[in-house]
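What follows is a single structure, written as structure tokens, with notes after it.
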Amino acid sequence: MARERKFTTEELYQATEELLLANNYEGFQISLVADHLHVSRGAIYKYFENKEELITEYMLFKMEQHLHELKEIHSIIGFHAQFDFLLHLMFKNPELHQLIEIGKRVPVHLNTKVKENIAKLESYHLKMYQYMQGFVQAGKNENLLNTNLPEPLILGYIFQSIAIPNHFGIPHDMWVGSIKKIICHGIFKDS
């Protein structure tokens, strides 16, 4: 009997991310991950009861990484510097938005582990928005953001901006700079 090839958690999560983004929740299968890693399905099932456990464990890992980076926003002085930091972080992890949407499709009541993971993911989403609400409040306190706009609208507008597809291959720095300009000044010419 041949020995099973070993894989690292990093390799497993990288394969999970690639396959989730390529196939979405509905097309994602443990067999695809196993094929990608050149292992048997049993090697994956040894650690995860089903694809939902693997997906939610991966998503917890990804959100923990993102939150670790995002919490640094409070150590940055000045709204403009915080805004630059946030845009850089969002464009560094553009797949996060798509992964969050995929995660919403995972059925909650499959087993206890999945239910616990989804509850933890929801708490991470709240923590992410708390960090970002502090950022928006700083912008309002510095009189740089319109105080009449609801914070969820401002956050949603900024967060959704990374989902705009760059179909024409505009260079990354120009693309990010243009999105920043639209967020800050809109699409109208300065008068």
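Chain labels A, B, ... are given in the sequence in which chains occur in the structure tokens; within each chain residues are numbered consecutively from 1, and ligands are likewise numbered from 1 in the order shown.
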
Quick one: residues within 9 Å of Ser31 (chain A), only C-alpha atoms, excluding same-chain residues fewer than 2 positions away - as a PDB file with C-alpha atoms, in the first residue's frame?
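Saved as selection.pdb:
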ATOM      1  CA  PHE A  28     -16.878  22.996  -4.654  1.00  0.00           C
ATOM      2  CA  GLN A  29     -16.199  19.357  -3.733  1.00  0.00           C
ATOM      3  CA  VAL A  33      -9.394  19.556  -3.249  1.00  0.00           C
ATOM      4  CA  ALA A  34      -8.005  16.029  -3.025  1.00  0.00           C
ATOM      5  CA  ASP A  35      -7.160  16.009  -6.744  1.00  0.00           C
ATOM      6  CA  HIS A  36      -5.531  19.439  -6.453  1.00  0.00           C
ATOM      7  CA  SER A  40      -7.165  10.703  -1.598  1.00  0.00           C
ATOM      8  CA  ARG A  41     -10.510  12.091  -0.490  1.00  0.00           C
ATOM      9  CA  ILE A  44      -9.243  15.231   3.637  1.00  0.00           C
TER      10      ILE A  44
END

(request) Could you give me the residues within chain A that DSSP places in helix (DSSP H, G or I), as a VMD selection string? (result) chain A and resid 9 to 27 30 to 37 41 to 45 51 to 75 79 to 92 95 to 103 112 to 141 151 to 161 172 to 185

(request) Excluding Gln137 (chain A) and residues on its chain fewer than 4 positions from it, collect all residues at most 12 Å away from it, counting only C-alpha atoms, and give them as a list in words. (result) His74, Gly78, Phe79, Gln82, Tyr129, Gln130, Tyr131, Met132, Gln133, Asn141, Glu142, Asn143, Leu144, Leu145, Asn146, Thr147, Leu149, Pro150, Glu151, Pro152, Ile154 and Leu155 of chain A

(request) Would you work out the distance separating CA of Glu116 (chain A) from CA of Glu64 (chain A), expressed in Å to one decimal? (result) 15.2 Å

(request) In Å, rounded to a single decimal, give me how far CA of Val114 (chain A) is from CA of Glu53 (chain A). (result)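 So the answer is 5.4 Å.
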
(message) Between CA of Thr16 (chain A) and CA of Leu54 (chain A), what is the distance in Å, rounded to a tenth?
(response) 8.0 Å

(message) I want to know what sits within 12 Å of Glu18 (chain A), based on only C-alpha atoms, with residues of the same chain fewer than 4 positions away left out; could you give that as JSON, numbers by chain?
(response) {"A": [11, 12, 13, 14, 22, 23, 24, 25, 28, 32, 33, 36, 37, 55, 58, 95, 98, 99]}

(message) From the options A:His185, A:Phe85, A:Gly156, A:Thr56, which residue's atoms come nearest to Lys115 (chain A), counting only C-alpha atoms?
(response) A:Thr56

(message) Measuring between only C-alpha atoms, which one of A:Leu20, A:Leu60, A:Val39, A:Leu87 shows the shortest distance to Arg105 (chain A)?
(response)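 Looking at the shortest contact to Arg105 (chain A), the residue is A:Leu20.
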
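Of the residues listed (A:Lys92, A:Asn111, A:Ala119, A:Ile187), A:Lys92 shows the shortest atom-to-atom separation from Asp173 (chain A); distances use only C-alpha atoms.
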
(request) For Gly42 (chain A), work out the shell of residues within 10 Å, counting only C-alpha atoms and skipping chain neighbours fewer than 4 positions away, then give it as an MDAnalysis selection string. (result) chainID A and resid 4 30:31 34 46:48
